[in-house]
Structures are given as structure tokens and as C-alpha cells.
file work.csv (CSV, C-alpha atoms and all ligand atoms)
chain,number,residue,atom,x,y,z
A,1331,MET,CA,8.5,-23.2,296.4
A,1332,THR,CA,6.7,-22.1,293.3
A,1333,ALA,CA,8.9,-24.1,290.9
A,1334,THR,CA,5.7,-25.5,289.3
A,1335,THR,CA,3.7,-22.4,289.2
A,1336,GLU,CA,3.0,-21.0,285.8
A,1337,PHE,CA,2.4,-17.3,285.2
A,1338,ILE,CA,0.0,-16.8,282.4
A,1339,LEU,CA,-0.3,-13.3,281.0
A,1340,LEU,CA,-3.7,-13.1,279.4
A,1341,ALA,CA,-3.3,-10.3,276.8
A,1342,GLY,CA,-5.6,-9.1,274.0
A,1343,PHE,CA,-7.0,-5.8,272.8
A,1344,LEU,CA,-10.0,-4.0,274.4
A,1345,GLY,CA,-13.1,-6.1,274.3
A,1346,SER,CA,-11.4,-9.0,272.6
A,1347,GLY,CA,-12.8,-11.6,275.0
A,1348,LYS,CA,-10.2,-12.0,277.8
A,1349,THR,CA,-12.6,-12.0,280.7
A,1350,SER,CA,-15.1,-14.2,278.9
A,1351,LEU,CA,-12.3,-16.8,278.1
A,1352,LEU,CA,-11.1,-16.7,281.7
A,1353,VAL,CA,-14.6,-17.1,283.2
A,1354,ASP,CA,-15.1,-20.1,280.9
A,1355,TRP,CA,-11.8,-21.6,282.0
A,1356,LEU,CA,-12.5,-21.0,285.7
A,1357,ALA,CA,-15.7,-23.1,285.4
A,1358,LEU,CA,-13.6,-26.1,284.5
A,1359,PRO,CA,-12.2,-28.6,287.1
A,1360,GLU,CA,-8.7,-28.2,285.8
A,1361,ALA,CA,-8.7,-24.6,286.8
A,1362,ALA,CA,-8.3,-25.6,290.4
A,1363,HIS,CA,-5.4,-24.0,292.3
A,1364,THR,CA,-5.4,-20.9,290.1
A,1365,ALA,CA,-5.1,-17.3,291.3
A,1366,VAL,CA,-6.2,-14.4,289.2
A,1367,ILE,CA,-4.9,-10.9,289.0
A,1368,VAL,CA,-7.1,-8.5,287.1
A,1369,ASN,CA,-5.8,-5.2,285.6
A,1370,GLU,CA,-8.3,-2.6,284.5
A,1371,ALA,CA,-7.3,0.6,282.6
A,1372,GLY,CA,-10.2,2.4,284.2
A,1373,GLU,CA,-10.9,2.9,287.8
A,1374,ILE,CA,-14.1,0.7,287.9
A,1375,ASP,CA,-13.4,-3.0,288.6
A,1376,VAL,CA,-15.8,-4.5,286.0
A,1377,ASP,CA,-13.8,-7.6,285.2
A,1378,GLY,CA,-13.1,-8.3,288.8
A,1379,ALA,CA,-16.8,-8.2,289.5
A,1380,ILE,CA,-17.6,-10.6,286.7
A,1381,ILE,CA,-14.8,-13.0,287.6
A,1382,ALA,CA,-15.8,-12.9,291.2
A,1383,THR,CA,-19.1,-14.5,290.2
A,1384,SER,CA,-17.1,-17.6,289.1
A,1385,GLY,CA,-16.4,-19.0,292.6
A,1386,THR,CA,-13.9,-18.8,295.3
A,1387,ILE,CA,-10.5,-18.4,293.6
A,1388,PRO,CA,-8.2,-15.8,295.0
A,1389,ILE,CA,-8.6,-12.6,292.9
A,1390,ALA,CA,-6.3,-9.6,293.2
A,1391,MET,CA,-7.0,-6.3,291.6
A,1392,LEU,CA,-4.7,-3.9,289.8
A,1393,ALA,CA,-7.1,-1.1,288.9
A,1394,ASN,CA,-6.6,2.5,287.9
A,1395,GLY,CA,-4.0,2.0,285.3
A,1396,CYS,CA,-2.4,0.0,282.7
A,1397,VAL,CA,-0.1,-2.7,284.1
A,1398,CYS,CA,2.5,-2.3,281.3
A,1399,CYS,CA,2.9,1.4,282.0
A,1400,SER,CA,2.4,2.3,285.6
A,1401,LEU,CA,1.6,-0.7,287.7
A,1402,THR,CA,4.6,-3.0,287.3
A,1403,ASN,CA,5.8,-2.6,290.9
A,1404,ASP,CA,2.3,-3.3,292.1
A,1405,LEU,CA,2.3,-6.5,290.0
A,1406,VAL,CA,5.5,-7.8,291.6
A,1407,PHE,CA,4.1,-6.9,295.0
A,1408,THR,CA,0.8,-8.6,294.3
A,1409,ILE,CA,2.3,-11.9,293.0
A,1410,ARG,CA,4.6,-12.0,296.1
A,1411,ALA,CA,1.6,-11.4,298.4
A,1412,LEU,CA,-0.5,-14.2,296.7
A,1413,VAL,CA,2.4,-16.7,297.0
A,1414,GLU,CA,3.1,-15.8,300.6
A,1415,GLU,CA,-0.5,-15.9,301.6
A,1416,ARG,CA,-0.8,-19.4,300.1
A,1417,GLU,CA,2.3,-20.5,302.0
A,1418,ARG,CA,1.0,-19.1,305.3
A,1419,ALA,CA,-2.2,-21.0,304.7
A,1420,GLY,CA,-0.2,-24.2,304.4
A,1421,LEU,CA,-1.5,-24.9,300.9
A,1422,PRO,CA,0.5,-26.3,298.0
A,1423,PRO,CA,1.7,-23.7,295.5
A,1424,PHE,CA,-0.7,-22.3,292.9
A,1425,ARG,CA,-0.6,-24.3,289.7
A,1426,ARG,CA,-0.9,-21.0,287.9
A,1427,ILE,CA,-1.3,-17.3,288.4
A,1428,VAL,CA,-3.2,-15.7,285.6
A,1429,LEU,CA,-2.9,-11.9,285.0
A,1430,GLU,CA,-5.7,-10.5,282.9
A,1431,ALA,CA,-3.9,-7.4,281.6
A,1432,SER,CA,-5.9,-4.4,280.5
A,1433,GLY,CA,-6.7,-4.3,276.8
A,1434,LEU,CA,-4.1,-1.6,276.3
A,1435,SER,CA,-1.2,-3.5,277.9
A,1436,ARG,CA,1.9,-4.4,276.1
A,1437,PRO,CA,3.4,-7.7,277.2
A,1438,GLY,CA,7.1,-6.6,277.0
A,1439,PRO,CA,7.3,-4.3,280.0
A,1440,ILE,CA,5.1,-6.6,282.0
A,1441,LEU,CA,7.5,-9.6,281.5
A,1442,ARG,CA,10.5,-7.4,282.2
A,1443,SER,CA,9.0,-6.3,285.4
A,1444,LEU,CA,8.9,-9.9,286.7
A,1445,ALA,CA,12.7,-10.0,287.0
A,1446,PRO,CA,12.7,-9.5,290.8
A,1447,LEU,CA,10.6,-12.6,291.1
A,1448,ALA,CA,13.2,-14.9,289.5
A,1449,PRO,CA,13.7,-16.7,292.9
A,1450,LEU,CA,10.1,-17.9,292.7
A,1451,GLY,CA,10.9,-19.9,289.5
A,1452,LEU,CA,7.7,-19.1,287.7
A,1453,THR,CA,7.4,-20.4,284.1
A,1454,VAL,CA,5.8,-17.8,281.9
A,1455,ARG,CA,3.3,-18.1,279.0
A,1456,ILE,CA,1.4,-15.4,277.1
A,1457,VAL,CA,-2.1,-16.1,275.8
A,1458,THR,CA,-3.4,-13.5,273.5
A,1459,THR,CA,-7.1,-13.2,272.5
A,1460,CYS,CA,-7.7,-12.0,268.9
A,1461,ASP,CA,-11.2,-10.8,268.1
A,1462,ALA,CA,-12.2,-12.3,264.7
A,1463,SER,CA,-14.7,-9.6,264.1
A,1464,GLN,CA,-12.4,-6.6,264.8
A,1465,ALA,CA,-8.7,-7.4,265.1
A,1466,ALA,CA,-7.7,-6.9,261.4
A,1467,ARG,CA,-9.4,-3.5,261.2
A,1468,HIS,CA,-8.1,-2.3,264.6
A,1469,ALA,CA,-4.6,-3.4,264.0
A,1470,GLU,CA,-4.3,-0.7,261.4
A,1471,HIS,CA,-4.7,1.9,264.1
A,1472,PHE,CA,-3.3,0.3,267.2
A,1473,ASP,CA,0.1,-1.2,267.5
A,1474,GLU,CA,-0.9,-2.5,270.9
A,1475,ILE,CA,-2.6,-5.3,269.0
A,1476,THR,CA,0.6,-6.1,267.0
A,1477,THR,CA,2.7,-6.2,270.2
A,1478,GLN,CA,0.2,-8.4,272.0
A,1479,LEU,CA,0.0,-10.9,269.0
A,1480,ALA,CA,3.8,-10.8,268.5
A,1481,ALA,CA,4.5,-11.8,272.1
A,1482,ALA,CA,1.9,-14.6,272.3
A,1483,SER,CA,2.8,-18.2,272.9
A,1484,THR,CA,-0.9,-19.0,272.2
A,1485,ILE,CA,-3.3,-16.9,270.1
A,1486,VAL,CA,-7.0,-17.6,270.8
A,1487,PHE,CA,-9.4,-16.5,268.1
A,1488,THR,CA,-12.5,-15.2,269.8
A,1489,LYS,CA,-16.0,-14.4,268.4
A,1490,PRO,CA,-15.9,-16.9,265.5
A,1491,ASP,CA,-19.7,-16.8,265.8
A,1492,LEU,CA,-19.7,-13.1,264.7
A,1493,ALA,CA,-17.2,-13.2,261.8
A,1494,SER,CA,-15.0,-15.5,259.8
A,1495,THR,CA,-11.6,-15.9,261.4
A,1496,GLY,CA,-9.8,-15.6,258.1
A,1497,ALA,CA,-8.7,-12.0,258.4
A,1498,ALA,CA,-7.6,-12.3,262.0
A,1499,GLU,CA,-5.8,-15.6,261.2
A,1500,ALA,CA,-3.9,-13.9,258.4
A,1501,LEU,CA,-3.0,-11.0,260.6
A,1502,ALA,CA,-1.8,-13.3,263.4
A,1503,ALA,CA,0.2,-15.4,260.9
A,1504,SER,CA,1.9,-12.4,259.5
A,1505,ILE,CA,3.0,-11.2,262.9
A,1506,ASN,CA,3.7,-14.3,264.9
A,1507,PRO,CA,3.7,-17.5,262.8
A,1508,LEU,CA,5.2,-19.5,265.7
A,1509,ALA,CA,2.4,-19.1,268.1
A,1510,LEU,CA,0.0,-22.0,268.9
A,1511,ARG,CA,-3.4,-21.2,267.5
A,1512,VAL,CA,-6.7,-21.9,269.2
A,1513,LEU,CA,-9.6,-21.9,266.7
A,1514,GLU,CA,-12.4,-23.5,268.7
A,1515,ARG,CA,-16.0,-22.5,268.1
A,1516,ASP,CA,-17.1,-24.2,271.3
A,1517,ARG,CA,-16.4,-21.9,274.2
A,1518,THR,CA,-15.5,-24.6,276.7
A,1519,ALA,CA,-13.2,-26.3,274.3
A,1520,ARG,CA,-11.7,-22.9,273.5
A,1521,ALA,CA,-11.0,-22.1,277.1
A,1522,ARG,CA,-9.5,-25.5,277.8
A,1523,ALA,CA,-7.2,-25.3,274.7
A,1524,ALA,CA,-6.2,-21.7,275.6
A,1525,PHE,CA,-5.1,-22.4,279.1
A,1526,SER,CA,-4.0,-26.0,278.9
A,1527,ALA,CA,-2.0,-25.6,275.7
A,1528,THR,CA,1.7,-25.2,275.8
A,1529,GLY,CA,2.9,-23.0,273.0
A,1530,PRO,CA,6.5,-22.1,272.3
A,1531,ALA,CA,7.8,-20.0,275.2
A,1532,HIS,CA,9.2,-17.3,273.1
A,1533,ALA,CA,8.8,-13.6,273.1
A,1534,ALA,CA,9.3,-11.4,270.1
A,1535,PRO,CA,12.4,-9.2,270.3
A,1536,TRP,CA,10.7,-6.0,269.4
A,1537,PHE,CA,8.5,-5.1,272.2
A,1538,SER,CA,7.7,-1.5,272.3
A,1539,ASP,CA,7.6,0.6,275.4
A,1540,ALA,CA,5.7,3.5,273.8
A,1541,ALA,CA,2.6,4.7,275.6
A,1542,HIS,CA,-0.9,4.9,274.2
A,1543,PRO,CA,-1.0,8.5,273.0
A,1544,ARG,CA,-4.2,8.4,270.9
A,1545,ILE,CA,-6.3,6.7,273.6
A,1546,ALA,CA,-8.4,8.3,276.2
A,1547,VAL,CA,-9.7,6.5,279.3
A,1548,LEU,CA,-12.6,8.5,280.7
A,1549,ARG,CA,-15.3,8.1,283.3
A,1550,ALA,CA,-18.9,9.0,283.1
A,1551,SER,CA,-21.0,9.4,286.2
A,1552,PHE,CA,-24.7,10.3,286.3
A,1553,SER,CA,-26.2,13.1,288.2
A,1554,GLU,CA,-28.8,12.4,290.9
A,1555,SER,CA,-31.5,13.8,288.7
A,1556,ALA,CA,-30.8,11.6,285.7
A,1557,THR,CA,-33.6,9.2,285.0
A,1558,TRP,CA,-33.2,5.7,283.7
A,1559,GLU,CA,-34.2,6.9,280.3
A,1560,ASP,CA,-31.6,9.7,280.5
A,1561,ARG,CA,-29.0,7.1,281.1
A,1562,LEU,CA,-30.1,4.9,278.2
A,1563,ASP,CA,-30.4,8.0,275.9
A,1564,TRP,CA,-26.9,9.1,276.8
A,1565,MET,CA,-25.4,5.7,275.9
A,1566,GLU,CA,-27.1,5.7,272.6
A,1567,ASP,CA,-26.0,9.3,271.9
A,1568,LEU,CA,-22.4,8.4,272.9
A,1569,ALA,CA,-22.3,5.6,270.4
A,1570,ALA,CA,-23.7,7.8,267.6
A,1571,PHE,CA,-21.4,10.6,268.5
A,1572,CYS,CA,-18.2,8.6,268.7
A,1573,GLY,CA,-18.8,6.1,265.9
A,1574,ASP,CA,-15.7,4.0,265.3
A,1575,ARG,CA,-13.7,6.1,267.7
A,1576,LEU,CA,-15.5,4.4,270.5
A,1577,LEU,CA,-13.4,1.3,271.5
A,1578,ARG,CA,-14.9,0.1,274.7
A,1579,VAL,CA,-17.6,1.0,277.3
A,1580,LYS,CA,-17.9,-0.9,280.5
A,1581,GLY,CA,-19.3,-0.2,283.9
A,1582,PHE,CA,-22.3,-0.3,286.1
A,1583,ILE,CA,-25.5,1.7,285.9
A,1584,ARG,CA,-28.2,2.0,288.4
A,1585,ARG,CA,-31.9,1.9,287.8
A,1586,PRO,CA,-33.1,4.8,290.0
A,1587,GLN,CA,-36.5,3.4,290.6
A,1588,THR,CA,-35.4,0.0,292.0
A,1589,GLY,CA,-31.7,0.6,292.9
A,1590,GLU,CA,-30.8,-2.4,290.7
A,1591,VAL,CA,-27.3,-2.2,289.3
A,1592,LEU,CA,-26.7,-3.5,285.8
A,1593,LEU,CA,-23.5,-4.4,284.0
A,1594,VAL,CA,-23.2,-2.4,280.8
A,1595,GLN,CA,-20.7,-3.1,278.1
A,1596,ALA,CA,-20.0,-2.4,274.5
A,1597,VAL,CA,-17.1,-3.3,272.2
A,1598,GLY,CA,-17.0,-0.5,269.7
A,1599,THR,CA,-20.5,0.7,269.4
A,1600,LEU,CA,-22.1,-2.7,269.8
A,1601,PHE,CA,-23.7,-2.9,273.2
A,1602,SER,CA,-24.4,-6.3,274.9
A,1603,PRO,CA,-27.7,-6.8,276.6
A,1604,MET,CA,-27.4,-5.4,280.2
A,1605,THR,CA,-27.2,-8.0,282.9
A,1606,ALA,CA,-27.5,-7.9,286.7
A,1607,LEU,CA,-24.6,-9.3,288.7
A,1608,SER,CA,-25.2,-11.3,291.8
A,1609,GLY,CA,-24.5,-9.0,294.8
A,1610,GLY,CA,-24.4,-6.1,292.4
A,1611,GLN,CA,-26.5,-3.7,294.5
A,1612,ASN,CA,-23.4,-2.6,296.3
A,1613,LEU,CA,-21.4,-1.8,293.2
A,1614,PRO,CA,-20.7,1.9,292.6
A,1615,GLU,CA,-22.3,3.4,289.6
A,1616,GLY,CA,-20.0,4.6,286.8
A,1617,VAL,CA,-19.0,3.9,283.3
A,1618,VAL,CA,-15.5,3.7,281.8
A,1619,ILE,CA,-15.2,4.9,278.2
A,1620,ILE,CA,-12.1,4.1,276.2
A,1621,ALA,CA,-12.0,6.1,273.0
A,1622,ARG,CA,-9.6,7.0,270.3
A,1623,ASP,CA,-8.8,10.6,269.3
A,1624,LEU,CA,-11.4,12.0,271.6
A,1625,GLY,CA,-11.1,13.9,274.9
A,1626,ALA,CA,-13.3,14.7,277.9
A,1627,SER,CA,-14.5,17.9,276.4
A,1628,ASP,CA,-15.7,16.1,273.2
A,1629,LEU,CA,-17.7,13.7,275.3
A,1630,ARG,CA,-19.2,16.4,277.4
A,1631,ALA,CA,-20.8,17.7,274.3
A,1632,VAL,CA,-22.8,14.5,274.0
A,1633,ASN,CA,-24.9,15.7,276.9
A,1634,PRO,CA,-24.8,19.5,277.3
A,1635,ASP,CA,-27.5,19.3,280.1
A,1636,ALA,CA,-24.9,18.0,282.5
A,1637,LEU,CA,-26.9,15.0,283.5
A,1638,VAL,CA,-23.7,13.1,282.9
A,1639,LEU,CA,-20.4,14.1,284.3
A,1640,ILE,CA,-17.4,13.2,282.3
A,1641,SER,CA,-14.1,13.1,284.1
A,1642,SER,CA,-10.7,12.5,282.6
A,1643,TYR,CA,-8.8,9.6,284.0
A,1644,ARG,CA,-5.8,11.3,285.6
A,1645,SER,CA,-4.3,8.9,288.1
A,1646,ARG,CA,-1.2,6.9,288.0
A,1647,ALA,CA,-1.9,5.5,284.5
A,1648,ALA,CA,-2.2,9.0,283.1
A,1649,LEU,CA,1.5,9.6,283.8
A,1650,ALA,CA,2.6,6.9,281.5
A,1651,CYS,CA,-0.4,6.0,279.4
A,1652,ALA,CA,-0.8,9.6,278.3
A,1653,ALA,CA,-4.6,9.5,278.5
A,1654,VAL,CA,-5.7,12.1,276.0
A,1655,ASP,CA,-7.7,14.9,277.6
A,1656,ALA,CA,-8.5,17.7,275.3
A,1657,GLY,CA,-10.7,19.2,278.0
B,1,LIG,N1,-20.5,-13.3,270.2
B,1,LIG,C1,-19.4,-13.4,271.1
B,1,LIG,N2,-19.2,-12.4,272.0
B,1,LIG,C2,-18.2,-12.6,272.8
B,1,LIG,C3,-17.2,-13.7,272.7
B,1,LIG,N3,-16.3,-13.5,273.6
B,1,LIG,C4,-16.6,-12.4,274.3
B,1,LIG,N4,-17.7,-11.8,273.8
B,1,LIG,C5,-18.4,-10.6,274.2
B,1,LIG,O1,-17.5,-9.5,274.0
B,1,LIG,C6,-17.6,-8.5,275.0
B,1,LIG,C7,-16.3,-8.2,275.6
B,1,LIG,O2,-15.8,-9.4,276.2
B,1,LIG,P1,-14.8,-9.4,277.4
B,1,LIG,O3,-14.6,-10.8,277.8
B,1,LIG,O4,-15.3,-8.5,278.5
B,1,LIG,O5,-13.5,-8.8,276.7
B,1,LIG,P2,-12.2,-8.3,277.4
B,1,LIG,O6,-11.1,-8.5,276.5
B,1,LIG,O7,-12.1,-8.9,278.8
B,1,LIG,O8,-12.5,-6.7,277.6
B,1,LIG,P3,-11.5,-5.6,278.3
B,1,LIG,O9,-11.2,-6.1,279.6
B,1,LIG,O10,-12.4,-4.4,278.3
B,1,LIG,O11,-10.4,-5.4,277.4
B,1,LIG,C8,-18.6,-9.0,276.0
B,1,LIG,O12,-19.9,-8.5,275.7
B,1,LIG,C9,-18.6,-10.5,275.7
B,1,LIG,O13,-19.9,-11.1,276.1
B,1,LIG,C10,-17.5,-14.7,271.7
B,1,LIG,O14,-16.7,-15.6,271.5
B,1,LIG,N5,-18.6,-14.4,270.9
call {"tool": "encode", "arguments": {"input": "work.csv", "output": "C-alpha cells", "more": "lines below"}}
Ligand SMILES: Nc1nc2c(ncn2[C@@H]2O[C@H](COP(=O)(O)OP(=O)(O)OP(=O)(O)O)[C@@H](O)[C@H]2O)c(=O)[nH]1
result
Amino acid sequence: MTATTEFILLAGFLGSGKTSLLVDWLALPEAAHTAVIVNEAGEIDVDGAIIATSGTIPIAMLANGCVCCSLTNDLVFTIRALVEERERAGLPPFRRIVLEASGLSRPGPILRSLAPLAPLGLTVRIVTTCDASQAARHAEHFDEITTQLAAASTIVFTKPDLASTGAAEALAASINPLALRVLERDRTARARAAFSATGPAHAAPWFSDAAHPRIAVLRASFSESATWEDRLDWMEDLAAFCGDRLLRVKGFIRRPQTGEVLLVQAVGTLFSPMTALSGGQNLPEGVVIIARDLGASDLRAVNPDALVLISSYRSRAALACAAVDAG
């Protein structure tokens, strides 16, 4: 029944613009009949909350782990459940199911995990976001980027407003010269080209199954007595302390005086302005920190007064993703 359903794996390193691209795409009329599955390495569903503001498309969550390491069974189950629910509702098959993988995910294991779904007849495409401002520098440290680019049918260069795409283009060309390239400055045109394009349906033969041994996924929660200023100071200190070892910060923080909950995110040490999400009052406060070569004990030192509690991420993902916890 799903012979015409396309499975799009939206890959790309931490903070490279996957959610933004997807939200831009979901605003377009041609995105109708799309289902979205969101995978977060951390336990806070930030991307799901952002995408949920896009409308009424079905969204399923695979949180608390990296879909390439520990959640492949959940992925198969989730796709089946989406398809069956659609059938039960008497609706035509989805045109596409988009999986936004966590920024640490490697496409190879994800694609392999889809084997039990062969009877559904899904066609598969990999769209990889490549951050013009960071990819070339990060690729030296993280082979996740290389595997994500190598597997891509389509490579979408993001953040061309922040940096020239030259270095990212050269990187992508050296790894995967066959992929279709999307080099649009206009975000709507970029999203349209990313999801409508049909690149070669190939996958590089050298997918790696290795885990992510240098990367820690940690969670910060604030104590009751922490003021708004304490929260802001802590984030500033965190960035200064970690420097280029800080890869991604995302989560929700509460303004104690008003109860307002704001979305906070940074790529590297560059924080975006905080924004309120509609319906955000009910979101749980907490911030996921993804860092390289740092453990929970290191980050605890950022705030010795214990206004911020740092916990190591030790759930299912930790078994396979080897979240580093020096603490
Ligand atoms: N200037 C600029 N910022 C962008 C662009 N695309 C995304 N961003 C910003 O980059 C940050 C990360 O974007 P996301 O879309 O959340 O990235 P992501 O790949 O989904 O992040 P993870 O899910 O954590 O891996 C956000 O602050 C975005 O607003 C772009 O084209 N230009």
C-alpha cells in the first residue's frame, strides 16, 4: 500500500540546520501528506516542539538516543505504526515519511535497519545538511560528518548567509561528488529544492558502525533557587569554559518570575536569540549539552555553587553511543 511513499532520511551534523530546513519545507503546500519522525540524541524533545508549531502533520518522536545506535527497532516500529494508523483512518498513503535523525546519526545503520519494512515498498533518499560556516572545520574532528555527506543523495548547503560555501562545497565534492547539490540562499527555495529534488539513489559502501566515543550528551537542570540571571550567567560561563569543545546547546529555560519558557539554542558557542514557543508554558525546563572531550564532572566545575545540576546521559543511547562521562 505504500508503494509510492518515499522515506527521506534527513541527516546532517549537530546544528547544521535540519530542523530549520524541515520547518521551511512543511510550510509549503507540496509538503502535504508528509509524516515526520524526529530523533533527538538528548532526552528533551526540542526539535519536536519546534516542528509541532508548523501545523497538523503527524509527528512521532524517537528521543533519548541516537537512531543509528540504539533506536533502530523503535524506528521500524514507528514507521509501521504511522502507516497502519493512516490505513485505519482510510486515508491515502503518505507521500513521504521524513526522519530527522540526530546530528550524531550515521545513515548506514539506519538504512540497514529498514530491511524488515521491505514489504512496504518505500523508496529511500538521504538529504544531508552541510553547514557552510562549520562543516569543513568540524569534519577534521568528526567522521560522523563524513559518513553523513558520503551517504547523501542530496547535499543542502545551509547558512550561506553566515559564510562562503566554498570550503563546505570542496569538502562535499571530495567525499561525495555524485550527490545533487542545493545551493540556494533563499530559504524557501532551499527547502523546496532539498525535498523535491531527486538525487542519485546511491549509498556509499563504507558506512561506519563505530559509535561516537569523543562526544558527551549531558543534561543541565536548574535548581529552584536559581534566578533568571543565574541561568543566563551559567550559559555564558558554559560557552567560555567549553570554547570550541561545545558543539550544541538546546533546550528550554524558564523565567522564574513569569513562568515563561523560552527556547534556547547554540551551535558551537554562538547562541541564537531566545524565543518563546506557542504553548511553551507546559514544556519541561532543561538543557541538553553536546560537547566533545568533556564529561559531566568538567561541566559541574562551571558552576560550583550547584545552582545547575549536570547529569550524564545514561539511557539506551549511552549503551551504544558511548556518551563520555568523566564524572
Ligand atoms: N544564519 C542562519 N542560521 C541558520 C540557518 N539554518 C539554521 N540556522 C540556525 O542554526 C541553528 C541550528 O539550526 P537547527 O535547524 O536547529 O539545526 P539542526 O541540524 O536541526 O540541529 P540538531 O537537531 O541539534 O542537530 C538555529 O539557531 C537556526 O536558527 C541558516 O541558513 N542561516
call {"tool": "residues_near_ligand", "arguments": {"input": "work.csv", "ligand": "ligand LIG 1 (chain B)", "cutoff": "7 Å", "atoms": "all atoms listed in the file", "output": "ChimeraX atom specification"}}
result
/A:1342-1351,1370,1377,1432-1433,1488-1492,1517,1578,1580,1595-1597,1602
call {"tool": "residues_around", "arguments": {"input": "work.csv", "residues": "Ala1509 of chain A", "least_positions_apart": "3", "cutoff": "6 Å", "atoms": "only C-alpha atoms", "output": "list in words"}}
result
Ser1483, Thr1484 and Asn1506 of chain A
call {"tool": "closest_residue", "arguments": {"input": "work.csv", "among": "A:Ile1338, A:Val1618, A:Ala1445, A:Ala1500", "to": "Ile1427 of chain A", "atoms": "all atoms listed in the file"}}
result
A:Ile1338
call {"tool": "closest_residue", "arguments": {"input": "work.csv", "among": "A:Pro1422, A:Gly1451, A:Gly1589, A:Pro1359", "to": "Leu1613 of chain A", "atoms": "only C-alpha atoms"}}
result
A:Gly1589
call {"tool": "residues_around", "arguments": {"input": "work.csv", "residues": "segment 1455-1457 of chain A", "least_positions_apart": "5", "cutoff": "8 Å", "atoms": "all atoms listed in the file", "output": "PDB file with C-alpha atoms, in the coordinates of the input"}}
result
ATOM      1  CA  GLU A1336       3.000 -21.000 285.800  1.00  0.00           C
ATOM      2  CA  PHE A1337       2.400 -17.300 285.200  1.00  0.00           C
ATOM      3  CA  ILE A1338       0.000 -16.800 282.400  1.00  0.00           C
ATOM      4  CA  LEU A1339      -0.300 -13.300 281.000  1.00  0.00           C
ATOM      5  CA  LEU A1340      -3.700 -13.100 279.400  1.00  0.00           C
ATOM      6  CA  ALA A1341      -3.300 -10.300 276.800  1.00  0.00           C
ATOM      7  CA  PRO A1437       3.400  -7.700 277.200  1.00  0.00           C
ATOM      8  CA  ALA A1481       4.500 -11.800 272.100  1.00  0.00           C
ATOM      9  CA  ALA A1482       1.900 -14.600 272.300  1.00  0.00           C
ATOM     10  CA  SER A1483       2.800 -18.200 272.900  1.00  0.00           C
ATOM     11  CA  THR A1484      -0.900 -19.000 272.200  1.00  0.00           C
ATOM     12  CA  ILE A1485      -3.300 -16.900 270.100  1.00  0.00           C
ATOM     13  CA  VAL A1486      -7.000 -17.600 270.800  1.00  0.00           C
ATOM     14  CA  ALA A1524      -6.200 -21.700 275.600  1.00  0.00           C
ATOM     15  CA  PHE A1525      -5.100 -22.400 279.100  1.00  0.00           C
ATOM     16  CA  THR A1528       1.700 -25.200 275.800  1.00  0.00           C
ATOM     17  CA  GLY A1529       2.900 -23.000 273.000  1.00  0.00           C
ATOM     18  CA  ALA A1531       7.800 -20.000 275.200  1.00  0.00           C
TER      19      ALA A1531
END
call {"tool": "residues_around", "arguments": {"input": "work.csv", "residues": "Met1565 of chain A", "least_positions_apart": "5", "cutoff": "10 Å", "atoms": "all atoms listed in the file", "output": "JSON list (two decimals) with C-alpha atoms, keeping the file's coordinate frame"}}
result
[["chain", "number", "residue", "atom", "x", "y", "z"],
["A", 1559, "GLU", "CA", -34.20, 6.90, 280.30],
["A", 1560, "ASP", "CA", -31.60, 9.70, 280.50],
["A", 1570, "ALA", "CA", -23.70, 7.80, 267.60],
["A", 1571, "PHE", "CA", -21.40, 10.60, 268.50],
["A", 1579, "VAL", "CA", -17.60, 1.00, 277.30],
["A", 1594, "VAL", "CA", -23.20, -2.40, 280.80],
["A", 1596, "ALA", "CA", -20.00, -2.40, 274.50],
["A", 1599, "THR", "CA", -20.50, 0.70, 269.40],
["A", 1601, "PHE", "CA", -23.70, -2.90, 273.20],
["A", 1617, "VAL", "CA", -19.00, 3.90, 283.30],
["A", 1632, "VAL", "CA", -22.80, 14.50, 274.00]]
call {"tool": "residues_around", "arguments": {"input": "work.csv", "residues": "Glu1615 of chain A", "least_positions_apart": "5", "cutoff": "10 Å", "atoms": "all atoms listed in the file", "output": "compact mmCIF listing (two decimals) with C-alpha atoms, keeping the file's coordinate frame"}}
result
# COMPACT_ATOMS: atom_id res chain seq x y z
CA ILE A 1374 -14.10 0.70 287.90
CA ALA A 1550 -18.90 9.00 283.10
CA SER A 1551 -21.00 9.40 286.20
CA PHE A 1552 -24.70 10.30 286.30
CA GLY A 1581 -19.30 -0.20 283.90
CA PHE A 1582 -22.30 -0.30 286.10
CA ILE A 1583 -25.50 1.70 285.90
CA ARG A 1584 -28.20 2.00 288.40
CA ARG A 1585 -31.90 1.90 287.80
CA VAL A 1591 -27.30 -2.20 289.30
CA LEU A 1592 -26.70 -3.50 285.80
CA LEU A 1593 -23.50 -4.40 284.00
call {"tool": "atom_distance", "arguments": {"input": "work.csv", "atom1": "atom CA of Arg1436 of chain A", "atom2": "atom CA of Thr1453 of chain A"}}
result
18.7 Å
call {"tool": "atom_distance", "arguments": {"input": "work.csv", "atom1": "atom CA of Val1413 of chain A", "atom2": "atom CA of Ser1608 of chain A"}}
result
28.6 Å
call {"tool": "atom_distance", "arguments": {"input": "work.csv", "atom1": "atom CA of Ser1463 of chain A", "atom2": "atom CA of Thr1495 of chain A"}}
result
7.5 Å
call {"tool": "closest_residue", "arguments": {"input": "work.csv", "among": "A:Leu1562, A:Leu1624, A:Leu1352, A:Leu1444", "to": "Thr1459 of chain A", "atoms": "only C-alpha atoms"}}
result
A:Leu1352
call {"tool": "closest_residue", "arguments": {"input": "work.csv", "among": "A:Asp1473, A:Glu1414, A:Glu1360, A:Asp1354", "to": "Leu1434 of chain A", "atoms": "only C-alpha atoms"}}
result
A:Asp1473
call {"tool": "closest_residue", "arguments": {"input": "work.csv", "among": "A:Val1638, A:Glu1590, A:Ala1462, A:Ile1389", "to": "Asn1612 of chain A", "atoms": "all atoms listed in the file"}}
result
A:Glu1590
